[in-house]
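Trainee: Okay, so here is data-v4.txt, and as you'll see once you scroll down, it has compact mmCIF, C-alpha atoms and all ligand atoms.
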```txt
# COMPACT_ATOMS: atom_id res chain seq x y z
CA MET B 1 -30.41 -6.52 6.00
CA ALA B 2 -26.72 -6.87 5.21
CA PHE B 3 -24.88 -3.88 3.83
CA PRO B 4 -24.81 -3.95 -0.02
CA TYR B 5 -20.99 -4.08 -0.26
CA LEU B 6 -20.90 -5.19 -3.89
CA GLU B 7 -23.20 -2.40 -5.07
CA ALA B 8 -21.21 0.14 -3.00
CA VAL B 9 -17.94 -0.99 -4.61
CA ILE B 10 -19.38 -0.73 -8.13
CA GLY B 11 -20.90 2.67 -7.31
CA PHE B 12 -17.60 3.96 -5.95
CA LYS B 13 -15.70 2.67 -8.99
CA ILE B 14 -18.07 4.52 -11.33
CA LEU B 15 -17.84 7.66 -9.22
CA MET B 16 -14.03 7.55 -9.36
CA TYR B 17 -14.23 6.92 -13.10
CA PHE B 18 -16.13 10.18 -13.59
CA PHE B 19 -13.82 12.08 -11.25
CA GLU B 20 -10.70 10.79 -13.00
CA THR B 21 -12.21 11.44 -16.42
CA TYR B 22 -12.88 15.02 -15.33
CA LEU B 23 -9.18 15.38 -14.43
CA GLU B 24 -8.19 13.82 -17.76
CA VAL B 25 -10.39 16.36 -19.55
CA ARG B 26 -8.61 19.14 -17.65
CA GLN B 27 -5.23 17.78 -18.78
CA LEU B 28 -6.52 17.36 -22.33
CA ARG B 29 -7.56 21.02 -22.28
CA ALA B 30 -4.04 21.93 -21.10
CA ASN B 31 -2.56 19.82 -23.91
CA LYS B 32 -4.69 21.61 -26.46
CA LEU B 33 -3.17 25.00 -25.54
CA THR B 34 -1.19 26.28 -28.49
CA THR B 35 1.20 28.37 -26.40
CA LEU B 36 3.98 27.35 -24.05
CA PRO B 37 3.67 28.07 -20.32
CA LYS B 38 5.41 31.32 -19.29
CA THR B 39 8.27 29.53 -17.53
CA LEU B 40 9.30 27.73 -20.76
CA GLU B 41 8.83 30.64 -23.19
CA GLY B 42 11.94 31.12 -25.29
CA VAL B 43 13.53 27.98 -23.82
CA ILE B 44 11.74 25.34 -25.91
CA SER B 45 11.66 25.49 -29.70
CA GLU B 46 8.34 25.72 -31.50
CA ASP B 47 9.06 22.46 -33.34
CA THR B 48 9.70 20.46 -30.14
CA PHE B 49 6.62 21.96 -28.56
CA GLN B 50 4.36 21.01 -31.47
CA LYS B 51 5.73 17.44 -31.64
CA THR B 52 5.29 16.89 -27.90
CA ARG B 53 1.87 18.49 -28.01
CA SER B 54 0.56 16.14 -30.68
CA TYR B 55 2.12 13.13 -28.88
CA SER B 56 0.49 14.15 -25.59
CA LEU B 57 -2.87 14.71 -27.29
CA ASP B 58 -2.82 11.23 -28.84
CA HIS B 59 -1.83 9.77 -25.47
CA SER B 60 -4.69 11.55 -23.72
CA ARG B 61 -7.24 10.31 -26.24
CA PHE B 62 -5.94 6.76 -26.02
CA HIS B 63 -6.16 6.96 -22.24
CA PHE B 64 -9.87 7.86 -22.46
CA VAL B 65 -10.52 4.66 -24.40
CA CYS B 66 -8.50 2.54 -21.91
CA GLN B 67 -10.28 4.01 -18.89
CA PHE B 68 -13.68 3.40 -20.49
CA VAL B 69 -12.85 -0.22 -21.38
CA THR B 70 -11.54 -0.83 -17.84
CA ILE B 71 -14.57 0.56 -16.02
CA VAL B 72 -17.01 -1.39 -18.23
CA ARG B 73 -14.98 -4.61 -17.82
CA ASP B 74 -14.52 -4.27 -14.03
CA SER B 75 -18.15 -3.32 -13.35
CA ALA B 76 -19.38 -6.24 -15.48
CA ILE B 77 -17.06 -8.69 -13.68
CA LEU B 78 -18.44 -7.58 -10.32
CA PHE B 79 -22.08 -7.15 -11.33
CA PHE B 80 -22.45 -10.51 -13.10
CA GLY B 81 -20.62 -12.44 -10.38
CA VAL B 82 -17.77 -13.52 -12.64
CA MET B 83 -15.45 -13.93 -9.62
CA PRO B 84 -17.45 -16.63 -7.75
CA TRP B 85 -18.25 -18.31 -11.09
CA PHE B 86 -14.57 -18.45 -11.98
CA TRP B 87 -13.69 -19.72 -8.47
CA LYS B 88 -16.13 -22.61 -9.06
CA LYS B 89 -14.73 -23.22 -12.56
CA SER B 90 -11.18 -23.45 -11.23
CA GLU B 91 -12.42 -25.99 -8.69
CA ASP B 92 -13.94 -28.05 -11.55
CA PHE B 93 -10.67 -27.74 -13.45
CA MET B 94 -8.72 -29.07 -10.44
CA THR B 95 -10.98 -32.09 -10.21
CA LEU B 96 -10.69 -32.64 -13.96
CA ILE B 97 -6.90 -32.86 -13.84
CA GLY B 98 -7.04 -35.09 -10.78
CA LEU B 99 -5.91 -32.63 -8.09
CA ASN B 100 -7.49 -32.22 -4.68
CA ALA B 101 -9.90 -29.28 -5.04
CA ASP B 102 -10.23 -29.01 -1.25
CA ASN B 103 -6.63 -27.88 -1.04
CA GLU B 104 -7.04 -24.09 -0.67
CA ILE B 105 -3.48 -23.34 -1.77
CA LEU B 106 -3.73 -25.27 -5.06
CA HIS B 107 -7.24 -23.98 -5.71
CA SER B 108 -6.12 -20.37 -5.15
CA ILE B 109 -3.10 -20.77 -7.45
CA ALA B 110 -5.33 -22.24 -10.21
CA PHE B 111 -7.81 -19.37 -9.76
CA LEU B 112 -5.15 -16.64 -9.87
CA ALA B 113 -3.38 -18.22 -12.87
CA GLY B 114 -6.68 -18.29 -14.76
CA CYS B 115 -7.36 -14.64 -13.86
CA MET B 116 -3.90 -13.65 -15.05
CA ILE B 117 -4.32 -15.38 -18.42
CA LEU B 118 -7.74 -13.76 -18.96
CA LEU B 119 -6.38 -10.35 -17.99
CA GLN B 120 -3.47 -10.70 -20.44
CA ILE B 121 -5.87 -11.62 -23.25
CA THR B 122 -8.26 -8.71 -22.59
CA LYS B 123 -5.34 -6.28 -22.37
CA LEU B 124 -3.73 -7.50 -25.60
CA PRO B 125 -5.60 -5.49 -28.29
CA LEU B 126 -5.06 -2.16 -26.52
CA SER B 127 -1.39 -2.92 -25.72
CA LEU B 128 -0.73 -3.82 -29.35
CA TYR B 129 -2.48 -0.68 -30.58
CA PHE B 130 -0.50 1.45 -28.12
CA LEU B 131 2.90 0.07 -29.12
CA PHE B 132 2.54 -0.49 -32.83
CA VAL B 133 0.15 2.23 -33.91
CA LEU B 134 0.37 5.10 -31.45
CA GLU B 135 4.04 4.92 -30.39
CA ALA B 136 5.18 3.99 -33.90
CA HIS B 137 3.36 7.01 -35.34
CA HIS B 138 5.29 9.36 -33.05
CA ASP B 139 8.85 8.53 -33.95
CA CYS B 140 9.88 11.61 -31.96
CA ASN B 141 9.63 9.56 -28.77
CA LYS B 142 13.21 8.54 -28.15
CA SER B 143 12.71 7.38 -24.59
CA THR B 144 11.14 4.06 -25.62
CA PRO B 145 13.39 1.80 -27.69
CA ALA B 146 12.05 0.48 -30.98
CA TYR B 147 9.66 -2.34 -30.27
CA THR B 148 9.05 -5.25 -32.57
CA ALA B 149 6.25 -7.80 -32.31
CA GLY B 150 8.91 -10.41 -31.44
CA VAL B 151 10.29 -8.37 -28.54
CA PHE B 152 6.76 -7.71 -27.32
CA PHE B 153 5.78 -11.39 -27.15
CA VAL B 154 9.15 -12.47 -25.70
CA ASN B 155 8.65 -9.90 -22.91
CA MET B 156 5.12 -11.13 -22.34
CA ILE B 157 6.28 -14.75 -22.05
CA LYS B 158 9.10 -13.68 -19.73
CA GLY B 159 6.53 -11.93 -17.52
CA ILE B 160 4.37 -15.06 -17.40
CA ILE B 161 7.37 -17.26 -16.49
CA VAL B 162 8.40 -14.90 -13.68
CA ALA B 163 4.81 -14.83 -12.36
CA ALA B 164 4.65 -18.64 -12.51
CA LEU B 165 7.88 -18.89 -10.48
CA VAL B 166 7.25 -16.10 -7.96
CA GLY B 167 3.45 -16.31 -7.58
CA PRO B 168 2.89 -19.77 -6.06
CA PRO B 169 5.36 -19.37 -3.13
CA ILE B 170 3.84 -15.97 -2.27
CA VAL B 171 0.27 -17.32 -2.44
CA THR B 172 1.29 -20.31 -0.29
CA ALA B 173 2.93 -18.05 2.29
CA ILE B 174 -0.12 -15.76 2.49
CA ILE B 175 -2.62 -18.62 2.88
CA TYR B 176 -0.41 -20.33 5.46
CA LEU B 177 0.46 -17.24 7.52
CA VAL B 178 -2.80 -15.24 7.57
CA PRO B 179 -4.77 -17.66 9.81
CA LYS B 180 -1.72 -17.94 12.09
CA GLY B 181 -1.62 -14.14 12.51
CA GLY B 182 -5.15 -14.04 13.93
CA PRO B 183 -5.95 -10.73 15.62
CA TYR B 184 -2.27 -9.70 15.56
CA LEU B 185 -2.09 -9.73 11.78
CA ALA B 186 -1.91 -5.91 11.58
CA ILE B 187 1.14 -5.88 13.88
CA TYR B 188 2.86 -8.57 11.79
CA VAL B 189 2.13 -6.74 8.55
CA TRP B 190 3.44 -3.52 10.11
CA ALA B 191 6.63 -5.28 11.27
CA LEU B 192 7.07 -6.79 7.81
CA GLY B 193 6.54 -3.34 6.27
CA ASN B 194 9.38 -2.02 8.43
CA VAL B 195 11.63 -4.89 7.39
CA PHE B 196 10.99 -3.79 3.80
CA ILE B 197 11.76 -0.15 4.61
CA ILE B 198 15.02 -1.16 6.29
CA TYR B 199 15.85 -3.39 3.33
CA GLU B 200 15.08 -0.64 0.81
CA GLN B 201 17.00 2.03 2.68
CA LEU B 202 19.94 0.19 4.22
CA ILE B 203 20.50 -3.16 2.57
CA ALA B 204 19.38 -2.78 -1.07
CA PRO B 205 21.83 0.11 -1.66
CA LEU B 206 24.65 -2.29 -0.76
CA PHE B 207 23.71 -4.41 -3.76
CA LYS B 208 23.86 -1.39 -6.03
CA LYS B 209 27.64 -1.74 -5.86
CA ILE B 210 28.13 1.29 -3.73
CA THR B 211 31.59 2.54 -3.06
CA PRO B 212 31.57 4.72 -0.01
CA VAL B 213 33.92 7.55 -0.77
CA SER B 214 34.97 10.73 0.80
CA ILE B 215 34.33 13.95 -1.03
CA PHE B 216 37.96 13.87 -2.18
CA VAL B 217 37.74 10.38 -3.67
CA LEU B 218 34.48 11.36 -5.31
CA LEU B 219 36.14 14.36 -6.86
CA ILE B 220 39.02 12.22 -8.13
CA ILE B 221 36.54 9.79 -9.69
CA LEU B 222 34.57 12.61 -11.26
CA LYS B 223 37.79 14.12 -12.58
CA LEU B 224 39.02 10.81 -13.95
CA ILE B 225 35.85 10.49 -15.98
CA CYS B 226 36.47 13.93 -17.33
CA LEU B 227 33.61 15.71 -15.69
CA LYS B 228 34.87 19.19 -15.17
CA VAL B 229 33.26 19.66 -11.81
CA ASN B 230 34.49 22.58 -9.82
CA SER B 231 35.88 20.61 -6.88
CA GLU B 232 36.25 23.59 -4.58
CA LYS B 233 32.60 24.37 -5.03
CA ILE B 234 31.41 20.87 -4.07
CA GLU B 235 33.64 20.99 -1.01
CA GLU B 236 32.39 24.44 -0.12
CA LEU B 237 28.77 23.41 -0.62
CA ALA B 238 29.05 20.25 1.51
CA ALA B 239 31.08 21.98 4.20
CA SER B 240 28.74 24.96 4.42
CA LEU B 241 25.87 22.58 5.14
CA LYS B 242 27.98 20.45 7.53
CA PHE B 243 27.28 17.40 5.38
CA PRO B 244 29.17 14.34 6.63
CA ALA B 245 31.45 13.48 3.74
CA ARG B 246 31.58 9.77 4.52
CA LYS B 247 27.91 9.53 3.67
CA LEU B 248 28.29 10.35 0.01
CA PHE B 249 28.24 7.27 -2.23
CA VAL B 250 28.91 6.76 -5.90
CA VAL B 251 26.77 4.06 -7.47
CA ASP B 252 27.29 1.98 -10.57
CA GLY B 253 24.76 3.56 -12.95
CA SER B 254 24.03 0.33 -14.83
CA LYS B 255 22.44 -1.05 -11.65
CA TRP B 256 20.27 2.02 -11.35
CA SER B 257 16.67 1.79 -12.41
CA ASN B 258 15.40 4.51 -14.74
CA LYS B 259 12.74 5.48 -12.27
CA HIS B 260 15.27 7.06 -9.97
CA SER B 261 16.87 10.38 -10.46
CA ASN B 262 20.62 10.66 -10.71
CA VAL B 263 20.99 11.40 -7.08
CA GLN B 264 19.03 9.68 -4.37
CA MET B 265 18.70 9.77 -0.61
CA THR B 266 19.28 6.63 1.42
CA GLY B 267 19.51 5.53 5.04
CA LEU B 268 17.37 5.86 8.13
CA LEU B 269 16.92 8.90 10.36
CA HIS B 270 20.37 10.21 11.29
CA ASN B 271 22.13 7.68 9.15
CA THR B 272 20.98 9.41 5.97
CA GLY B 273 23.28 9.36 2.98
CA ILE B 274 23.27 10.36 -0.65
CA LEU B 275 23.77 8.06 -3.63
CA LEU B 276 25.23 9.64 -6.72
CA ASN B 277 24.74 7.82 -10.00
CA ASP B 278 27.98 7.60 -11.98
CA LYS B 279 25.84 7.92 -15.13
CA ILE B 280 25.41 11.58 -14.24
CA VAL B 281 28.69 12.17 -16.05
CA GLN B 282 27.47 10.64 -19.29
CA GLN B 283 24.80 13.26 -19.57
CA ASP B 284 25.80 16.66 -20.75
CA LYS B 285 25.54 18.43 -17.47
CA ASN B 286 28.04 21.14 -16.69
CA ASP B 287 29.58 21.55 -13.24
CA GLU B 288 27.04 24.10 -12.06
CA GLU B 289 24.22 21.75 -13.05
CA VAL B 290 25.74 18.78 -11.21
CA LEU B 291 26.13 21.03 -8.18
CA ALA B 292 22.52 22.15 -8.47
CA VAL B 293 21.32 18.51 -8.46
CA ILE B 294 23.52 17.77 -5.44
CA ALA B 295 22.25 20.92 -3.73
CA HIS B 296 18.66 19.74 -4.23
CA GLU B 297 19.46 16.35 -2.64
CA LEU B 298 21.40 18.00 0.18
CA GLY B 299 18.20 20.00 0.74
CA HIS B 300 16.32 16.74 1.43
CA TRP B 301 19.04 15.82 3.89
CA LYS B 302 19.26 19.21 5.61
CA LEU B 303 15.47 19.51 5.94
CA ASN B 304 15.19 15.99 7.46
CA HIS B 305 12.72 14.86 4.81
CA PHE B 306 13.12 11.24 5.70
CA VAL B 307 11.34 11.79 9.03
CA PRO B 308 7.85 12.68 7.68
CA LEU B 309 8.21 10.01 4.99
CA TYR B 310 9.08 7.35 7.58
CA VAL B 311 6.24 8.35 9.91
CA ALA B 312 3.76 8.34 6.99
CA MET B 313 4.92 4.87 5.95
CA GLN B 314 4.01 3.46 9.38
CA PHE B 315 0.27 4.05 8.89
CA VAL B 316 -0.31 2.16 5.66
CA PRO B 317 0.55 -1.40 6.84
CA LEU B 318 -1.24 -0.94 10.19
CA LEU B 319 -4.36 0.38 8.49
CA ASN B 320 -4.46 -2.33 5.82
CA GLY B 321 -3.52 -5.15 8.20
CA GLY B 322 -6.34 -4.18 10.57
CA GLY B 323 -8.83 -3.62 7.76
CA PHE B 324 -8.04 -6.95 6.17
CA THR B 325 -8.49 -8.81 9.49
CA LEU B 326 -11.97 -7.27 9.84
CA ALA B 327 -12.88 -8.03 6.20
CA ARG B 328 -11.64 -11.62 6.34
CA ASN B 329 -13.97 -12.51 9.19
CA SER B 330 -17.11 -10.91 7.73
CA THR B 331 -19.46 -13.56 6.31
CA ASP B 332 -21.77 -10.80 5.03
CA LEU B 333 -18.97 -9.36 2.96
CA PHE B 334 -18.11 -12.65 1.22
CA GLN B 335 -21.80 -13.39 0.61
CA SER B 336 -22.33 -9.95 -0.88
CA PHE B 337 -19.70 -10.83 -3.51
CA GLY B 338 -21.31 -14.24 -4.15
CA PHE B 339 -18.96 -16.46 -2.11
CA HIS B 340 -20.24 -19.04 0.35
CA SER B 341 -16.80 -20.01 1.67
CA GLN B 342 -14.11 -17.61 2.91
CA PRO B 343 -10.80 -18.39 1.20
CA VAL B 344 -7.87 -16.15 2.20
CA ILE B 345 -7.00 -15.02 -1.35
CA ILE B 346 -10.61 -14.08 -2.14
CA GLY B 347 -10.71 -12.20 1.18
CA LEU B 348 -7.65 -10.26 0.07
CA ILE B 349 -9.17 -9.40 -3.33
CA ILE B 350 -12.46 -8.31 -1.73
CA TYR B 351 -10.57 -6.29 0.89
CA LEU B 352 -8.64 -4.46 -1.82
CA LEU B 353 -11.95 -3.66 -3.54
CA ILE B 354 -13.70 -2.28 -0.45
CA ALA B 355 -10.58 -0.50 0.84
CA ALA B 356 -10.24 1.46 -2.42
CA PRO B 357 -11.63 4.74 -0.93
CA LEU B 358 -9.16 4.48 1.94
CA ASN B 359 -6.27 3.77 -0.40
CA TYR B 360 -7.21 6.75 -2.58
CA ILE B 361 -6.93 9.00 0.47
CA VAL B 362 -3.59 7.42 1.43
CA MET B 363 -2.33 7.81 -2.14
CA PHE B 364 -3.39 11.44 -2.27
CA GLY B 365 -1.69 12.17 1.07
CA ARG B 366 1.48 10.41 -0.04
CA ASN B 367 1.58 12.29 -3.35
CA HIS B 368 1.03 15.56 -1.51
CA LEU B 369 3.89 14.81 0.87
CA PHE B 370 6.29 13.81 -1.92
CA ARG B 371 5.36 16.86 -3.97
CA SER B 372 5.86 19.30 -1.13
CA ILE B 373 9.29 17.92 -0.21
CA GLU B 374 10.37 18.18 -3.87
CA PHE B 375 9.35 21.85 -3.95
CA GLN B 376 11.10 22.45 -0.61
CA ALA B 377 14.35 20.87 -1.85
CA ASP B 378 14.16 23.00 -5.02
CA ALA B 379 13.63 26.12 -2.90
CA PHE B 380 16.65 25.08 -0.82
CA ALA B 381 18.85 24.80 -3.91
CA VAL B 382 17.54 28.14 -5.18
CA LYS B 383 18.39 29.77 -1.84
CA LEU B 384 21.94 28.47 -2.21
CA GLY B 385 22.17 30.26 -5.54
CA TYR B 386 21.62 27.41 -8.01
CA LYS B 387 18.47 28.76 -9.57
CA SER B 388 19.60 29.05 -13.17
CA ALA B 389 21.55 25.77 -13.09
CA LEU B 390 18.60 23.90 -11.60
CA ARG B 391 16.33 25.51 -14.17
CA SER B 392 18.42 24.20 -17.04
CA VAL B 393 18.57 20.70 -15.46
CA LEU B 394 14.78 20.69 -15.21
CA VAL B 395 14.31 21.96 -18.76
CA LYS B 396 16.56 19.12 -20.01
CA LYS B 397 14.60 16.63 -17.93
CA GLN B 398 11.36 17.90 -19.46
CA MET B 399 12.80 17.48 -22.97
CA GLU B 400 14.14 13.97 -22.32
CA ASN B 401 10.88 12.63 -20.95
CA LEU B 402 8.81 14.21 -23.68
CA MET B 403 6.28 15.23 -21.10
CA GLU B 404 3.38 17.57 -21.50
CA PHE B 405 4.62 21.13 -21.52
CA ASN B 406 1.28 22.43 -20.34
CA ALA B 407 0.51 20.54 -17.15
CA ASP B 408 -2.78 20.86 -15.30
CA PRO B 409 -1.85 21.14 -11.58
CA TRP B 410 -4.99 19.27 -10.41
CA TYR B 411 -4.33 16.38 -12.74
CA TYR B 412 -0.74 16.05 -11.62
CA ALA B 413 -1.54 16.55 -7.93
CA TYR B 414 -3.80 13.52 -8.17
CA ARG B 415 -1.89 11.36 -10.62
CA VAL B 416 1.80 11.46 -9.92
CA ILE B 417 4.14 11.24 -7.01
CA GLN B 418 6.92 13.35 -8.56
CA PRO B 419 5.86 16.78 -9.78
CA PRO B 420 6.67 17.23 -13.49
CA ALA B 421 9.58 19.54 -14.29
CA VAL B 422 7.32 22.27 -15.69
CA LEU B 423 5.47 22.60 -12.35
CA ARG B 424 8.77 22.70 -10.46
CA LEU B 425 9.94 25.47 -12.79
CA THR B 426 6.73 27.42 -12.23
CA ALA B 427 7.09 26.99 -8.44
CA MET B 428 10.64 28.34 -8.68
CA ASP B 429 9.38 31.41 -10.55
CA GLU B 430 6.81 31.97 -7.81
CA LEU B 431 9.59 31.94 -5.19
CA ASP B 432 11.02 34.97 -6.95
CA LYS B 433 7.69 36.75 -6.88
CA LYS B 434 7.42 36.13 -3.13
CA ALA B 435 10.93 37.42 -2.59
CA ASP B 436 10.16 40.70 -4.43
ZN ZN C 1 14.14 15.53 -4.69
```
For the file at hand, write its structure as structure tokens.

Mentor:
Amino acid sequence: MAFPYLEAVIGFKILMYFFETYLEVRQLRANKLTTLPKTLEGVISEDTFQKTRSYSLDHSRFHFVCQFVTIVRDSAILFFGVMPWFWKKSEDFMTLIGLNADNEILHSIAFLAGCMILLQITKLPLSLYFLFVLEAHHDCNKSTPAYTAGVFFVNMIKGIIVAALVGPPIVTAIIYLVPKGGPYLAIYVWALGNVFIIYEQLIAPLFKKITPVSIFVLLIILKLICLKVNSEKIEELAASLKFPARKLFVVDGSKWSNKHSNVQMTGLLHNTGILLNDKIVQQDKNDEEVLAVIAHELGHWKLNHFVPLYVAMQFVPLLNGGGFTLARNSTDLFQSFGFHSQPVIIGLIIYLLIAAPLNYIVMFGRNHLFRSIEFQADAFAVKLGYKSALRSVLVKKQMENLMEFNADPWYYAYRVIQPPAVLRLTAMDELDKKAD
């Protein structure tokens, strides 16, 4: 008897749902605490704390509803064979409009477009509730700009247009290239992954309008924009760590996505550099605080953090490329999901479903790695004497993002790649305890 892949996938999804819900309950419990964590006592006002607390609580509760709707929807789609049914329907649709349904590329594009439209429709009620009821109720959230129904629908249409332009060429390339790759697919995917890494690290920064500058030029720029940075101190700091000055870049902040911090590492292996966002000056950071942020980034550089990240990144494409090759050739697998042919795109979707346990492990490992290097870089800055400055940077960051002040470490270890400021602050306090 063939292995019950479909049932295993549904079972695993439900298992993960309970596990994740347990973590959400832990975070909800943390949100319900009426006192600030020790590290923020006396730093955050009672009013800010209460506002954030009620915002976080509403968010948590809303998340429970979303997770429940998602698990019911996804399990039903799999259990009732909606995927093969929809694949057949898109074939009928192709014939109806006079296109050749035997063309796998066209058929796949029609199928994916249909899926996307259905997904948008099912997501709509919850998205609308989130933006216009929940977010609107908490006017204290300054990080999201005021949203109107018009803006919302314009953005949605923009998203659909982009998907319609970008999707078909990608689908065509995948369907065309996968059979050509044959048994070497994993190697090709791995090579492509490395091209992306090189692009991200070496080429993309060039498009961020980088001006390579020496420490001196950087200081002149910073001075021109009236940031009273203590120049001697930056020089001292960089020189004491033997940081190659030519590898410090100032970047046009308007090209900088919000996801990144103000300072970012770039480059490969020994060619590592640091990008400094010129927006850093618009924020009210004093010179010690700017130095503390730079010290943290210099910590990443000094501790060679790019090496473990680069090595870790090599495994993911090899693993997935190999796994997908195996999955694509398994007739049992396709049949288990109700398919009697083996189209490339369906193979990819099924692979992503069965590889979920593997990807959870990879995600957890990656988060763990990112978290530990953040803590190490903080410890490095603390060792250099920037503890109080780094503390105040992190407190400001916590205020800006309106994040939960009481963070459950388990929840965050699983959920996010960057540890929240409050956990970094707590880790810094623990460094002191160890030193005593
Ligand atoms: Zn960092």

Trainee: For CA of Glu430 (chain B) and CA of Phe19 (chain B), determine how far apart the two atoms are, in Å to one decimal place.

Mentor: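 Straight-line distance from CA of Glu430 (chain B) to CA of Phe19 (chain B) works out to 28.9 Å.
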
Trainee: Do you know which residues are at most 10 Å from region 337-347 of chain B counting only C-alpha atoms, after dropping those on the same chain fewer than 5 positions away, and could you put them as an NGL selection string?

Mentor: :B and (4-7 or 78-85 or 87-88 or 104-105 or 107-109 or 111-112 or 171-172 or 174-179 or 324-325 or 327-332 or 352-353)

Trainee: So that I have them on file, write out the residues from the current selection with C-alpha atoms, as a CSV table (one decimal), in the frame of the given file.

Mentor:
```
chain,number,residue,atom,x,y,z
B,4,PRO,CA,-24.8,-4.0,0.0
B,5,TYR,CA,-21.0,-4.1,-0.3
B,6,LEU,CA,-20.9,-5.2,-3.9
B,7,GLU,CA,-23.2,-2.4,-5.1
B,78,LEU,CA,-18.4,-7.6,-10.3
B,79,PHE,CA,-22.1,-7.2,-11.3
B,80,PHE,CA,-22.4,-10.5,-13.1
B,81,GLY,CA,-20.6,-12.4,-10.4
B,82,VAL,CA,-17.8,-13.5,-12.6
B,83,MET,CA,-15.4,-13.9,-9.6
B,84,PRO,CA,-17.4,-16.6,-7.8
B,85,TRP,CA,-18.2,-18.3,-11.1
B,87,TRP,CA,-13.7,-19.7,-8.5
B,88,LYS,CA,-16.1,-22.6,-9.1
B,104,GLU,CA,-7.0,-24.1,-0.7
B,105,ILE,CA,-3.5,-23.3,-1.8
B,107,HIS,CA,-7.2,-24.0,-5.7
B,108,SER,CA,-6.1,-20.4,-5.2
B,109,ILE,CA,-3.1,-20.8,-7.4
B,111,PHE,CA,-7.8,-19.4,-9.8
B,112,LEU,CA,-5.2,-16.6,-9.9
B,171,VAL,CA,0.3,-17.3,-2.4
B,172,THR,CA,1.3,-20.3,-0.3
B,174,ILE,CA,-0.1,-15.8,2.5
B,175,ILE,CA,-2.6,-18.6,2.9
B,176,TYR,CA,-0.4,-20.3,5.5
B,177,LEU,CA,0.5,-17.2,7.5
B,178,VAL,CA,-2.8,-15.2,7.6
B,179,PRO,CA,-4.8,-17.7,9.8
B,324,PHE,CA,-8.0,-7.0,6.2
B,325,THR,CA,-8.5,-8.8,9.5
B,327,ALA,CA,-12.9,-8.0,6.2
B,328,ARG,CA,-11.6,-11.6,6.3
B,329,ASN,CA,-14.0,-12.5,9.2
B,330,SER,CA,-17.1,-10.9,7.7
B,331,THR,CA,-19.5,-13.6,6.3
B,332,ASP,CA,-21.8,-10.8,5.0
B,352,LEU,CA,-8.6,-4.5,-1.8
B,353,LEU,CA,-12.0,-3.7,-3.5
```

Trainee: How many Å separate CA of Asp432 (chain B) from CA of His368 (chain B)?

Mentor: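 The value is 22.5 Å.
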
Trainee: Quick one: residues within 12 Å of Asp429 (chain B), only C-alpha atoms, excluding same-chain residues fewer than 6 positions away - as a compact mmCIF listing (two decimals) with C-alpha atoms, in the frame of the given file?

Mentor:
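Saved the output as out-v7.txt:
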```txt
# COMPACT_ATOMS: atom_id res chain seq x y z
CA PRO B 37 3.67 28.07 -20.32
CA LYS B 38 5.41 31.32 -19.29
CA THR B 39 8.27 29.53 -17.53
CA LEU B 40 9.30 27.73 -20.76
CA PHE B 375 9.35 21.85 -3.95
CA ASP B 378 14.16 23.00 -5.02
CA ALA B 379 13.63 26.12 -2.90
CA VAL B 382 17.54 28.14 -5.18
CA LYS B 387 18.47 28.76 -9.57
CA SER B 388 19.60 29.05 -13.17
CA LEU B 390 18.60 23.90 -11.60
CA ARG B 391 16.33 25.51 -14.17
CA VAL B 422 7.32 22.27 -15.69
CA LEU B 423 5.47 22.60 -12.35
CA ALA B 435 10.93 37.42 -2.59
CA ASP B 436 10.16 40.70 -4.43
```

Trainee: At a cut-off of 7 Å and counting all atoms listed in the file, what residues surround ligand ZN 1 (chain C)? Please answer as a PyMOL selection string.

Mentor: chain B and resi 296-297+300+374+377

Trainee: With distances taken over all atoms listed in the file, which residue among B:Leu36, B:Ser60, B:Glu289, B:Met313 lies nearest Met363 (chain B)?

Mentor: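 So, comparing all the options, the nearest one is B:Met313.
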
Trainee: Grab the CA of Ile170 (chain B) to CA of Phe12 (chain B) distance for me, in Å with one decimal place.

Mentor: 29.5 Å

Trainee: Using only C-alpha atoms, which of the listed residues (B:Ala407, B:Leu333, B:Ile160, B:Leu96) sits closest to Gly114 (chain B)?

Mentor: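 Nearest to Gly114 (chain B): B:Ile160.
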
Trainee: For a quick check of understanding, using all atoms listed in the file, which of B:Leu106, B:Ile10, B:Leu33, B:Met156 has the smallest distance to Leu124 (chain B)?

Mentor: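 Of B:Leu106, B:Ile10, B:Leu33, B:Met156, the one nearest Leu124 (chain B) is B:Met156, counting all atoms listed in the file.
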
Trainee: For Glu46 (chain B), which residue among B:Val290, B:Ala191, B:Leu237, B:Phe405 is the nearest when counting all atoms listed in the file?

Mentor: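 Under the stated criterion, the closest residue is B:Phe405.
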
Trainee: From the options B:Pro317, B:Ile71, B:Ala413, B:Asp408, which residue's atoms come nearest to Arg29 (chain B), counting all atoms listed in the file?

Mentor: B:Asp408

Trainee: Can you pull out the residues contacting Leu384 (chain B)? Cut-off 8 Å, using only C-alpha atoms, and skip same-chain residues under 3 positions away; I want them as a ChimeraX atom specification.

Mentor: /B:295,380-381

Trainee: Scan for residues within 9 Å of the point (-13.5, -2.8, -11.6) in the coordinates of the file, using only C-alpha atoms, and reply as a PyMOL selection string.

Mentor: chain B and resi 9-10+13-14+70-78+353

Trainee: My list of candidates is B:Leu57, B:Val151, B:Leu192, B:Met116. Which is closest to Ala164 (chain B) when distances are computed with only C-alpha atoms?

Mentor: B:Met116
